[in-house]
Structures are given as structure tokens and as C-alpha cells.
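Heads up, input19.cif below (mmCIF, C-alpha atoms):
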```cif
data_structure
loop_
_atom_site.label_atom_id
_atom_site.label_comp_id
_atom_site.auth_asym_id
_atom_site.auth_seq_id
_atom_site.Cartn_x
_atom_site.Cartn_y
_atom_site.Cartn_z
CA MET A 1 140.11 -78.29 34.63
CA ALA A 2 136.47 -77.88 35.61
CA TRP A 3 137.34 -78.28 39.30
CA SER A 4 140.11 -75.70 39.12
CA PHE A 5 137.63 -73.26 37.56
CA VAL A 6 135.19 -73.83 40.43
CA GLU A 7 137.96 -73.30 43.00
CA SER A 8 138.99 -70.00 41.43
CA LEU A 9 135.44 -68.70 40.89
CA PRO A 10 134.87 -67.02 44.30
CA THR A 11 138.22 -65.25 44.10
CA ASN A 12 137.57 -63.99 40.58
CA ILE A 13 134.07 -62.83 41.43
CA LEU A 14 135.04 -60.90 44.57
CA ARG A 15 138.31 -59.44 43.31
CA VAL A 16 138.35 -55.64 43.05
CA PRO A 17 140.46 -54.79 39.99
CA PRO A 18 142.29 -51.47 39.59
CA VAL A 19 140.73 -48.90 37.29
CA SER A 20 143.28 -49.69 34.58
CA GLU A 21 141.93 -53.25 34.32
CA ARG A 22 138.24 -52.36 34.16
CA LEU A 23 136.06 -52.54 31.11
CA PRO A 24 135.04 -49.26 29.48
CA PHE A 25 131.43 -48.20 29.79
CA ASN A 26 129.65 -48.73 26.49
CA THR A 27 126.53 -50.36 25.11
CA SER A 28 127.95 -53.84 25.58
CA THR A 29 128.95 -53.40 29.22
CA PHE A 30 125.72 -51.57 29.96
CA LEU A 31 123.70 -54.54 28.72
CA ALA A 32 125.95 -57.09 30.46
CA TYR A 33 126.58 -55.36 33.80
CA THR A 34 124.49 -52.27 34.52
CA LEU A 35 121.09 -53.22 33.11
CA PRO A 36 120.85 -56.65 34.86
CA THR A 37 121.58 -54.95 38.19
CA CYS A 38 118.87 -52.34 37.70
CA LEU A 39 116.32 -54.92 36.55
CA SER A 40 116.96 -57.29 39.47
CA TYR A 41 116.70 -54.36 41.90
CA TYR A 42 113.44 -53.29 40.27
CA VAL A 43 112.04 -56.83 40.52
CA ALA A 44 112.89 -56.82 44.25
CA ALA A 45 110.95 -53.54 44.58
CA ILE A 46 107.95 -55.15 42.87
CA LEU A 47 108.05 -58.20 45.12
CA VAL A 48 108.17 -56.21 48.37
CA THR A 49 104.87 -54.52 47.46
CA LEU A 50 103.13 -57.88 47.05
CA PRO A 51 102.02 -60.24 49.85
CA GLY A 52 103.46 -63.73 50.16
CA THR A 53 106.71 -63.00 48.30
CA ARG A 54 109.27 -63.18 51.10
CA VAL A 55 110.72 -66.50 49.93
CA TYR A 56 111.23 -65.10 46.43
CA ARG A 57 112.86 -61.97 47.87
CA MET A 58 115.24 -64.10 49.92
CA ALA A 59 116.17 -66.08 46.84
CA LEU A 60 116.65 -62.92 44.77
CA TRP A 61 118.81 -60.88 47.16
CA PRO A 62 122.15 -62.73 46.63
CA LEU A 63 121.77 -62.13 42.90
CA VAL A 64 121.06 -58.42 43.40
CA ALA A 65 124.09 -58.05 45.68
CA LEU A 66 126.41 -59.92 43.30
CA LEU A 67 125.25 -57.98 40.25
CA ALA A 68 125.62 -54.68 42.13
CA PHE A 69 129.17 -55.62 43.13
CA ARG A 70 130.07 -56.52 39.54
CA ALA A 71 128.66 -53.29 38.13
CA SER A 72 130.51 -51.15 40.68
CA VAL A 73 134.01 -52.67 40.37
CA TYR A 74 134.33 -54.06 36.84
CA ILE A 75 133.23 -51.04 34.77
CA ASP A 76 135.14 -47.79 34.33
CA PHE A 77 132.68 -44.92 33.87
CA THR A 78 135.36 -42.20 33.65
CA GLY A 79 136.04 -42.54 29.92
CA GLY A 80 139.74 -42.90 30.74
CA ASP A 81 139.98 -39.49 32.45
CA PRO A 82 141.45 -39.79 35.99
CA GLN A 83 139.87 -36.44 36.89
CA GLN A 84 136.42 -38.00 36.43
CA THR A 85 136.87 -40.64 39.15
CA TYR A 86 133.87 -39.20 40.96
CA VAL A 87 131.67 -40.94 38.35
CA ASN A 88 132.98 -44.37 39.39
CA LEU A 89 132.44 -43.30 42.98
CA ASP A 90 128.83 -42.25 42.40
CA VAL A 91 128.03 -45.51 40.63
CA ALA A 92 129.59 -47.54 43.46
CA LEU A 93 127.47 -45.72 46.06
CA VAL A 94 124.32 -46.28 44.02
CA MET A 95 125.09 -49.99 43.76
CA PHE A 96 125.84 -50.11 47.49
CA CYS A 97 122.38 -48.69 48.16
CA PHE A 98 120.83 -51.17 45.73
CA ALA A 99 122.30 -54.10 47.65
CA PHE A 100 121.29 -52.95 51.13
CA ARG A 101 117.86 -51.63 50.19
CA ALA A 102 117.14 -55.00 48.60
CA LEU A 103 118.41 -56.64 51.81
CA GLU A 104 115.97 -54.55 53.86
CA TRP A 105 113.11 -55.59 51.59
CA THR A 106 114.18 -59.22 52.01
CA LEU A 107 113.93 -58.98 55.80
CA LEU A 108 110.45 -57.42 55.87
CA LYS A 109 107.57 -59.71 56.79
CA ASN A 110 104.75 -57.51 55.49
CA PRO A 111 104.51 -55.79 52.09
CA LEU A 112 105.15 -52.06 51.83
CA LYS A 113 102.18 -49.76 51.16
CA ARG A 114 102.10 -46.48 49.29
CA HIS A 115 99.65 -43.77 50.34
CA LEU A 116 100.78 -40.71 48.34
CA ARG A 117 100.58 -40.55 44.56
CA SER A 118 100.48 -37.83 41.95
CA ALA A 119 97.11 -36.20 41.44
CA GLY A 120 94.97 -38.11 38.97
CA SER A 121 97.17 -41.22 38.93
CA SER A 122 95.73 -44.65 39.69
CA PRO A 123 97.43 -47.41 41.73
CA SER A 124 99.91 -49.43 39.70
CA ILE A 125 102.26 -52.13 40.95
CA PHE A 126 104.90 -51.22 38.38
CA MET A 127 104.76 -47.46 39.00
CA ASP A 128 104.73 -48.01 42.75
CA ALA A 129 107.82 -50.20 42.44
CA LEU A 130 109.53 -47.55 40.31
CA ASP A 131 108.76 -44.91 42.92
CA LEU A 132 109.96 -47.16 45.75
CA SER A 133 113.22 -48.00 44.01
CA THR A 134 114.13 -44.30 43.69
CA ASN A 135 112.53 -43.02 46.91
CA LEU A 136 115.33 -42.99 49.50
CA ARG A 137 113.32 -41.45 52.37
CA GLY A 138 110.06 -43.29 51.79
CA VAL A 139 108.03 -40.17 50.98
CA GLY A 140 104.43 -41.34 50.71
CA TRP A 141 105.18 -44.87 52.01
CA ASN A 142 104.26 -46.56 55.28
CA TRP A 143 107.89 -47.13 56.32
CA SER A 144 108.78 -43.45 56.65
CA GLN A 145 106.94 -42.63 59.89
CA ASN A 146 110.19 -42.06 61.85
CA VAL A 147 111.90 -40.02 59.14
CA HIS A 148 112.13 -36.26 59.69
CA PHE A 149 110.96 -34.19 56.74
CA PRO A 150 111.94 -30.50 56.98
CA PRO A 151 109.10 -27.97 56.81
CA ASP A 152 108.57 -26.88 53.23
CA THR A 153 108.65 -23.11 52.70
CA ARG A 154 108.90 -23.27 48.91
CA PRO A 155 106.06 -21.87 46.70
CA THR A 156 102.97 -24.07 46.46
CA SER A 157 102.21 -23.08 42.86
CA ARG A 158 103.68 -25.63 40.47
CA VAL A 159 105.16 -22.99 38.15
CA TRP A 160 106.72 -20.97 40.96
CA PHE A 161 107.94 -24.17 42.63
CA ILE A 162 109.81 -25.15 39.46
CA GLY A 163 111.29 -21.66 39.19
CA TYR A 164 112.40 -21.75 42.83
CA VAL A 165 114.09 -25.13 42.39
CA LEU A 166 115.81 -23.94 39.21
CA LEU A 167 117.20 -20.93 41.07
CA SER A 168 118.28 -23.16 43.95
CA ALA A 169 120.10 -25.50 41.56
CA TRP A 170 121.96 -22.56 39.99
CA TYR A 171 122.90 -21.07 43.36
CA HIS A 172 124.13 -24.33 44.87
CA GLY A 173 125.97 -25.21 41.66
CA VAL A 174 127.92 -21.94 41.89
CA LEU A 175 128.48 -22.45 45.63
CA CYS A 176 129.79 -25.98 45.06
CA GLY A 177 132.14 -24.86 42.31
CA ALA A 178 133.47 -21.93 44.36
CA SER A 179 134.03 -23.98 47.53
CA HIS A 180 135.69 -26.81 45.59
CA LEU A 181 138.06 -24.39 43.90
CA ALA A 182 138.76 -22.77 47.26
CA VAL A 183 139.76 -26.07 48.85
CA GLN A 184 142.03 -26.97 45.93
CA ALA A 185 143.72 -23.56 46.19
CA PHE A 186 145.05 -24.44 49.64
CA SER A 187 147.38 -27.04 48.13
CA PRO A 188 147.31 -27.18 44.30
CA GLU A 189 150.23 -29.61 44.19
CA THR A 190 148.31 -32.30 46.16
CA PHE A 191 144.58 -31.47 46.05
CA THR A 192 144.45 -31.32 42.26
CA VAL A 193 146.09 -34.69 41.51
CA PRO A 194 144.50 -38.16 41.91
CA SER A 195 147.21 -39.30 44.33
CA GLY A 196 145.91 -36.75 46.85
CA GLY A 197 147.50 -35.44 50.02
CA THR A 198 146.77 -34.70 53.66
CA ILE A 199 145.05 -31.55 54.93
CA PHE A 200 147.43 -31.57 57.93
CA ASP A 201 150.55 -29.79 56.65
CA PRO A 202 153.48 -31.28 58.65
CA THR A 203 155.69 -28.26 57.87
CA LEU A 204 153.49 -25.97 60.01
CA PRO A 205 153.42 -25.68 63.82
CA PRO A 206 150.49 -27.59 65.37
CA LEU A 207 148.39 -24.49 66.13
CA ILE A 208 148.53 -23.14 62.57
CA ARG A 209 148.32 -26.65 61.12
CA TYR A 210 145.02 -27.39 62.85
CA VAL A 211 143.55 -23.95 62.24
CA ARG A 212 144.31 -24.43 58.55
CA SER A 213 142.90 -27.97 58.47
CA SER A 214 139.74 -26.77 60.26
CA ILE A 215 139.19 -24.07 57.63
CA ILE A 216 139.64 -26.65 54.86
CA THR A 217 137.18 -28.97 56.63
CA VAL A 218 134.51 -26.28 56.90
CA ILE A 219 134.85 -25.23 53.25
CA GLN A 220 134.76 -28.85 52.07
CA ALA A 221 131.66 -29.45 54.21
CA VAL A 222 130.02 -26.52 52.43
CA SER A 223 131.02 -28.08 49.10
CA ILE A 224 129.47 -31.43 50.09
CA TYR A 225 126.27 -29.72 51.21
CA ALA A 226 126.09 -27.68 48.00
CA VAL A 227 126.65 -30.59 45.61
CA MET A 228 124.08 -32.76 47.38
CA GLN A 229 121.51 -29.97 47.34
CA PHE A 230 122.30 -29.34 43.66
CA MET A 231 121.79 -33.01 42.75
CA TYR A 232 118.57 -33.12 44.79
CA ASP A 233 117.30 -30.03 42.97
CA ILE A 234 118.04 -31.65 39.60
CA ALA A 235 116.28 -34.85 40.68
CA THR A 236 113.33 -32.77 41.87
CA LEU A 237 113.07 -31.03 38.51
CA ILE A 238 113.15 -34.37 36.68
CA GLY A 239 110.44 -35.76 38.92
CA VAL A 240 108.14 -32.74 38.78
CA VAL A 241 108.71 -31.61 35.17
CA VAL A 242 109.40 -34.85 33.31
CA PHE A 243 107.34 -37.36 35.30
CA TRP A 244 104.73 -34.81 36.42
CA GLN A 245 105.02 -35.76 40.08
CA ASP A 246 103.45 -33.73 42.84
CA PRO A 247 105.93 -31.27 44.46
CA ALA A 248 104.86 -32.76 47.81
CA GLN A 249 106.72 -35.91 46.78
CA TRP A 250 109.95 -33.91 46.92
CA PRO A 251 110.21 -32.36 50.42
CA PRO A 252 113.39 -30.38 51.23
CA ALA A 253 116.55 -32.43 51.69
CA PHE A 254 118.18 -30.20 54.33
CA ASP A 255 116.72 -28.33 57.30
CA ASN A 256 119.14 -25.38 57.67
CA PRO A 257 122.05 -27.41 59.14
CA TRP A 258 123.84 -24.19 60.16
CA LYS A 259 121.08 -23.60 62.73
CA ALA A 260 121.74 -26.84 64.63
CA ASP A 261 122.66 -26.45 68.30
CA SER A 262 123.50 -30.05 69.19
CA LEU A 263 124.85 -33.17 67.54
CA ARG A 264 121.45 -34.83 67.84
CA ASP A 265 119.80 -31.85 66.17
CA PHE A 266 122.41 -31.76 63.41
CA TRP A 267 122.48 -35.46 62.48
CA GLY A 268 118.89 -36.31 63.36
CA ARG A 269 117.07 -33.37 61.77
CA ARG A 270 119.16 -30.71 60.09
CA TRP A 271 121.49 -32.77 57.87
CA HIS A 272 120.03 -34.72 54.98
CA GLN A 273 118.40 -38.08 55.79
CA LEU A 274 118.71 -39.56 52.30
CA PHE A 275 120.81 -42.57 53.31
CA ARG A 276 119.56 -42.93 56.88
CA ARG A 277 117.62 -46.10 56.16
CA THR A 278 120.64 -47.74 54.50
CA PHE A 279 122.81 -46.99 57.54
CA VAL A 280 120.16 -48.34 59.90
CA VAL A 281 119.84 -51.59 57.97
CA LEU A 282 123.61 -51.98 57.65
CA GLY A 283 124.55 -51.35 61.28
CA GLY A 284 121.67 -50.11 63.42
CA TRP A 285 119.42 -53.16 63.29
CA PRO A 286 122.15 -55.77 63.90
CA LEU A 287 123.70 -53.96 66.90
CA ARG A 288 120.31 -53.11 68.40
CA ILE A 289 119.68 -56.83 68.86
CA ALA A 290 122.79 -57.11 71.05
CA PHE A 291 123.05 -53.69 72.73
CA GLY A 292 119.62 -52.05 72.53
CA ARG A 293 119.28 -48.34 71.81
CA VAL A 294 122.98 -47.58 72.27
CA GLY A 295 123.83 -50.33 69.82
CA TYR A 296 121.25 -49.01 67.37
CA MET A 297 122.78 -45.54 67.46
CA LEU A 298 126.38 -46.69 67.31
CA GLY A 299 125.62 -49.26 64.61
CA SER A 300 123.85 -46.71 62.42
CA PHE A 301 126.87 -44.40 62.49
CA LEU A 302 129.22 -47.30 61.90
CA GLY A 303 127.06 -48.16 58.90
CA SER A 304 127.62 -44.59 57.73
CA GLY A 305 131.34 -45.12 58.26
CA ILE A 306 131.28 -48.24 56.09
CA PHE A 307 129.32 -46.38 53.41
CA HIS A 308 131.84 -43.54 53.35
CA ASN A 309 134.72 -45.99 53.45
CA VAL A 310 133.44 -47.29 50.12
CA VAL A 311 134.13 -43.77 48.83
CA VAL A 312 137.74 -43.98 49.98
CA VAL A 313 138.32 -47.55 48.75
CA MET A 314 136.96 -46.78 45.29
CA LEU A 315 139.48 -43.94 44.99
CA ASN A 316 142.52 -45.28 46.80
CA GLN A 317 142.76 -48.66 48.51
CA ASN A 318 145.90 -47.59 50.41
CA VAL A 319 144.04 -45.20 52.72
CA GLU A 320 143.45 -46.63 56.20
CA TRP A 321 140.02 -48.25 56.59
CA TRP A 322 139.63 -47.11 60.19
CA CYS A 323 139.49 -43.35 59.55
CA MET A 324 135.83 -43.38 58.47
CA LEU A 325 134.68 -45.97 61.01
CA LEU A 326 136.35 -44.14 63.89
CA SER A 327 135.17 -40.68 62.89
CA PHE A 328 131.53 -41.60 62.29
CA GLY A 329 131.53 -43.89 65.33
CA MET A 330 132.61 -40.93 67.47
CA MET A 331 129.62 -38.96 66.17
CA ALA A 332 127.45 -41.58 67.87
CA VAL A 333 129.57 -41.30 71.02
CA GLY A 334 128.97 -37.53 71.02
CA ILE A 335 125.20 -38.01 70.84
CA ILE A 336 125.36 -40.56 73.65
CA LEU A 337 127.29 -38.01 75.74
CA GLU A 338 124.52 -35.48 75.06
CA GLU A 339 121.91 -37.95 76.28
CA MET A 340 123.95 -38.60 79.43
CA PHE A 341 124.15 -34.84 80.03
CA THR A 342 120.37 -34.56 79.71
CA ARG A 343 119.78 -37.43 82.14
CA VAL A 344 122.16 -35.98 84.74
CA THR A 345 121.12 -32.32 84.49
CA GLY A 346 117.57 -32.60 83.16
CA ARG A 347 118.43 -30.04 80.46
CA GLU A 348 118.72 -30.46 76.71
CA VAL A 349 121.94 -29.55 74.93
CA SER A 350 121.01 -26.34 73.13
CA GLY A 351 121.73 -22.65 72.78
CA TRP A 352 125.08 -21.08 71.98
CA LEU A 353 126.92 -23.46 74.31
CA GLY A 354 125.35 -26.42 72.54
CA ARG A 355 126.32 -24.92 69.19
CA ALA A 356 129.92 -24.41 70.35
CA TRP A 357 130.08 -28.00 71.61
CA MET A 358 128.64 -29.32 68.37
CA MET A 359 131.05 -27.35 66.19
CA ALA A 360 134.06 -28.45 68.24
CA TRP A 361 133.06 -32.14 68.00
CA LEU A 362 132.25 -31.93 64.30
CA LEU A 363 135.55 -30.20 63.55
CA LEU A 364 137.56 -32.68 65.62
CA TRP A 365 136.27 -35.81 63.90
CA GLY A 366 135.16 -34.18 60.67
CA SER A 367 138.75 -33.18 59.97
CA ILE A 368 139.74 -36.86 59.98
CA ILE A 369 136.91 -37.62 57.53
CA ILE A 370 137.95 -34.84 55.15
CA ASP A 371 141.60 -35.85 55.49
CA GLY A 372 140.67 -39.38 54.44
CA PHE A 373 138.88 -38.00 51.38
CA ALA A 374 141.84 -35.75 50.58
CA ARG A 375 144.45 -38.52 50.86
CA ALA A 376 142.27 -40.74 48.67
CA GLY A 377 142.32 -38.08 45.93
CA MET A 378 138.65 -37.10 46.16
CA LEU A 379 139.44 -33.37 46.16
CA ALA A 380 141.11 -33.71 42.76
CA SER A 381 137.92 -34.74 40.97
CA THR A 382 136.68 -32.13 38.54
CA ASN A 383 133.14 -31.69 37.31
CA VAL A 384 130.89 -29.27 35.51
CA LEU A 385 130.17 -27.37 38.74
CA ASP A 386 133.75 -26.09 38.83
CA THR A 387 133.06 -24.22 35.61
CA ALA A 388 129.68 -23.10 36.95
CA CYS A 389 131.49 -20.63 39.19
CA PRO A 390 131.44 -17.42 37.12
CA VAL A 391 134.16 -15.74 39.22
CA ARG A 392 136.54 -18.64 39.86
CA GLY A 393 139.48 -16.33 40.39
CA ILE A 394 137.92 -14.78 43.50
CA PRO A 395 137.96 -17.86 45.81
CA GLU A 396 141.42 -18.81 44.55
CA TYR A 397 142.75 -15.30 45.26
CA TYR A 398 141.36 -15.05 48.79
CA VAL A 399 142.35 -18.60 49.75
CA THR A 400 145.88 -18.07 48.47
CA THR A 401 146.09 -14.84 50.46
CA LEU A 402 144.76 -16.53 53.60
CA ASP A 403 147.13 -19.48 53.25
CA ARG A 404 150.08 -17.13 52.78
CA TRP A 405 149.06 -15.21 55.90
CA LEU A 406 148.80 -18.43 57.94
CA ARG A 407 152.27 -19.46 56.83
CA GLU A 408 153.61 -16.04 57.78
CA CYS A 409 152.04 -16.42 61.21
CA ALA A 410 153.77 -19.79 61.54
CA SER A 411 157.13 -18.06 61.18
CA TYR A 412 156.58 -15.89 64.25
CA PRO A 413 158.69 -17.13 67.20
CA CYS A 414 155.76 -16.92 69.62
CA VAL A 415 153.89 -19.44 67.43
CA SER A 416 156.64 -21.75 66.26
CA ASN A 417 158.33 -22.03 69.66
CA HIS A 418 155.42 -22.16 72.08
CA PHE A 419 153.04 -24.42 70.18
CA VAL A 420 155.25 -27.39 69.31
CA PHE A 421 153.88 -30.73 70.54
#
```
For this file, produce the structure as C-alpha cells.
Amino acid sequence: MAWSFVESLPTNILRVPPVSERLPFNTSTFLAYTLPTCLSYYVAAILVTLPGTRVYRMALWPLVALLAFRASVYIDFTGGDPQQTYVNLDVALVMFCFAFRALEWTLLKNPLKRHLRSAGSSPSIFMDALDLSTNLRGVGWNWSQNVHFPPDTRPTSRVWFIGYVLLSAWYHGVLCGASHLAVQAFSPETFTVPSGGTIFDPTLPPLIRYVRSSIITVIQAVSIYAVMQFMYDIATLIGVVVFWQDPAQWPPAFDNPWKADSLRDFWGRRWHQLFRRTFVVLGGWPLRIAFGRVGYMLGSFLGSGIFHNVVVVMLNQNVEWWCMLLSFGMMAVGIILEEMFTRVTGREVSGWLGRAWMMAWLLLWGSIIIDGFARAGMLASTNVLDTACPVRGIPEYYVTTLDRWLRECASYPCVSNHFVF
């Protein structure tokens, strides 16, 4: 009997149960699953700030990874509401970051050093470890030299800074709610149910189908930007107001992504860099060993694809695994093409032509990403930001009108007959 238990142990540990079989989140499961994961991750953060601890970090990492896996797949944080699946998703992504940040700390030979602290605070191993464990971009640490931090144009006064961030959180909360409602209005019968549905309507001619899917992709991209900026604003307020951190420890997350004029500019500077280090550790470092700079770039985007595939798997395990890997991998291919263009012509990709190229490439592969999210049921998730939109009827009205007009255009003979692939 003991031997049969040992044989079945790996399978039981690594099995991903459906949501219906998971344990509800309560005090008991928090103490048994969530708290041990957070504590082991915190201990890893302490060890990486101390010299001569690499052996202990190597011994600790398998435990951190296993505990993170257990916490992400065995607990249901939705309270039994299928519309709250985004909570399970958020927890899974946090645990994913725990595992790979701890892996990075395991691989480091030298301890990490902190050089920026709140005014009046004294060095503390425990406070430094707490900051490191929640500091995704390494603000104030010696490992963030290659990370781009957008220029900060927010008020320097602490009071006005807090007011600015509060206003930003309100604005982006409304924007997120409005854009989410707008996307759902395109197809209420599929985008509002957990089973999901494709953004490529097969009943429409290809031209109208892809125009419609491109519009959905752009609006959903706005929703993703808005919700991430909203969450960053809330985290900033907690750090500055509750923990009395210096506003300099919370530089802007985005650098006006709508102003990007190349793929390199968009992904390397304008879009948020919050998970950049995780992607580099996951894919960039391993492939750089074999293929140099090209491998580093391709591996980092493949790491992003794996990260986003976790999103899809946590929602619907029937969605193809390749959609995220292919789409994010092609983002790296696009940047490599830009570098080849620069080497051949001696000119950087920029200007309005660069912006047109970037938008075309982002729409081409971004549509596959958003379609994967839609088919997994991600668009059906509801949250408090949907109710934050004070005029929810407006986006629904205009989207319904636009969708009706597109379908009317599809009925014209010049469209339905001449654009059939």
C-alpha cells in the first residue's frame, strides 16, 4: 500500500483539477495553501540579499515552485461564481511569478543590493526582502540597470501626487469598464458566458470579418491597458499612503504606448515592463546560451507566450496551446525584421511609416491573442470596474450600432461576392 501511494504521488501532485473539484478559499485553505507559498517566497527574498546563501536558495526553490503550483490549481477563489474566474486567473499569475522570480534568485551568484529607500528609513533585511518580493521592475535595486523607466511628469508634492494617482485610478477604472462593456456588446451571446467564443465571425465575409475582429482587438487592448494602469495606481496608493513609501519608488508603468512608432519602441519602452524580468528568466536566458542575441529576444517573447498561455489554461484547457506561443513569438520576429531593416538601410524604423507597420503587425498577431482569450471565456469575466462606468449604456449603444452597420455592409453584393476567400 505504501509503494502504491509513492507511485501515485507525482500524478496527484501535478494534476490540474477542474474548478468544480477545487477547495473553497477560506481560513483553512489560506493557512494550508496560500500562506506557506507566500512565506517560502519571502524567505527566498531574504536569502538572495545575504551573501553565501546560494546553496540554501537552490534547496528552497523546488519547495517554492511546488507550493505555488498547489496554491494556484487547488483553491477556488471565485466563491462559486463563474463570472469571477478572473480571480483564479490573477492568483495563478501571481504564483507563476513567485516560482520564476525565486528561480532567478536561485541562479544568482552575488546577493542583490538595494540603493533606494524611503526617506528616514534605515536598512533592514526584512524590509528589503519585503520590498524585493513585491518590486517587479527592481526600482531602487542593482538588477534594474537595463529596465526602462518612463519619465515621470506627475506632481512632486506628496499630496498632489496622491491626488493625481487617485484621479488616474478613477479615469482608468471608467475606461476599463467602458471598453469591457463595449467588447461584450459585439457578441453578448458568446462574450458574456464562460464558454466563450471567437472574435472571427464565420457568418461574415472575410473583409468585414477581419475589420470587425480588428476593432474588437483594439478595444480589448485598451481594456487591458486600462485595467493594468488602474491596478498599478491602486498599488501605488497603498505603497505611498499606507506604507509611506517615496513616490519615486513608484515610477509610471506605461510610457504613452499610443506614441510608439516601431515594435521595438512599443515592446521595449512604451508598454509596461512589469513582467519583463520573468519572461527573460523563463525564455530569454536559456535561448541566449544557444542562439545569442536572437535567441534572447525570441526566448523572452516565448516566455511571454507561456505566461499568457497560463491565462488561457486556467480558464479553458481546450483552447489550443500554440496560439499564445505563436503570436508572441512573431512579435520577436517583427523586431528582428526591424533590426535587419536598420542594418541594410542604415535607418531606424520610425515615423508614420513605422507606426503603420507596427499597427499592422500588432493587429495581425494581436487578433490571435485576443481570440484565444475570447474562446477561453476571459471576456465574460465581470468585475467592479464594469459598474464603475457611469454611462454604461453609451458604449453598448454605439457598439451595437456599429456592429449592425458592419453586418449591413456584409450584405452588399460588392462585399459578399468579391471578398470571399
TODO: Run through the PyMOL selection byres ((chain A and resi 56) around 12) on the given coordinates and return the selected residues as an MDAnalysis selection string.
DONE: chainID A and resid 40 43:48 50:55 57:63 102 105:107
Open item on the list: Which residue is closest to Arg101 of chain A? Choose from A:Thr278, A:Thr153, A:Ser300, A:Thr342 and count all atoms listed in the file.
Closed with: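 That would be A:Thr278, the residue with the smallest distance to Arg101 of chain A.
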TODO: Do a neighbour search on Asp90 of chain A at 12 Å with only C-alpha atoms, toss out local chain neighbours closer than 3 positions, and write the hits as number ranges by chain.
DONE: A: 71-73, 76-78, 84-87, 93-97, 228, 231, 307-308, 310-312, 314-315, 378, 381
TODO: Determine, counting all atoms listed in the file, which protein, DNA and RNA residues have an atom within 12 Å of an atom of Gly299 of chain A; residues of the same chain fewer than 2 positions away are not included. Present the result as a PyMOL selection string.
DONE: chain A and resi 276+278-297+301-306+325-326+328-333
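Among the candidates A:Arg269, A:Arg264, A:Arg355, A:Lys109, the residue lying nearest to Ile336 of chain A is A:Arg264 (atoms considered: all atoms listed in the file).
Counting from atom CA of Val241 of chain A, the distance to atom CA of Trp170 of chain A is 16.8 Å.
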TODO: Could you jot down the atom CA of Gly366 of chain A to atom CA of Leu274 of chain A separation for me, Å, one decimal place?
DONE: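 We find that atom CA of Gly366 of chain A and atom CA of Leu274 of chain A lie 19.2 Å from each other.
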Task: Gap from atom CA of Ser195 of chain A to atom CA of Leu402 of chain A - Å, one decimal - done: 24.7 Å
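Among the candidates A:Ile238, A:Met358, A:Ala92, A:Leu130, the one nearest to Lys259 of chain A when counting only C-alpha atoms is A:Met358.
Here, the PyMOL selection byres ((chain A and resi 357) around 12) matches Ala260, Asp261, Ser262, Leu263, Arg264, Phe266, Gly334, Ile335, Leu337, Glu338, Val349, Ser350, Gly351, Trp352, Leu353, Gly354, Arg355, Ala356, Met358, Met359, Ala360, Trp361, Leu362, Leu363 and Leu364 of chain A.
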Task: Residue nearest Val218 of chain A among A:Asn135, A:Ser179, A:Thr190, A:Thr236 (counting only C-alpha atoms) - done: A:Ser179
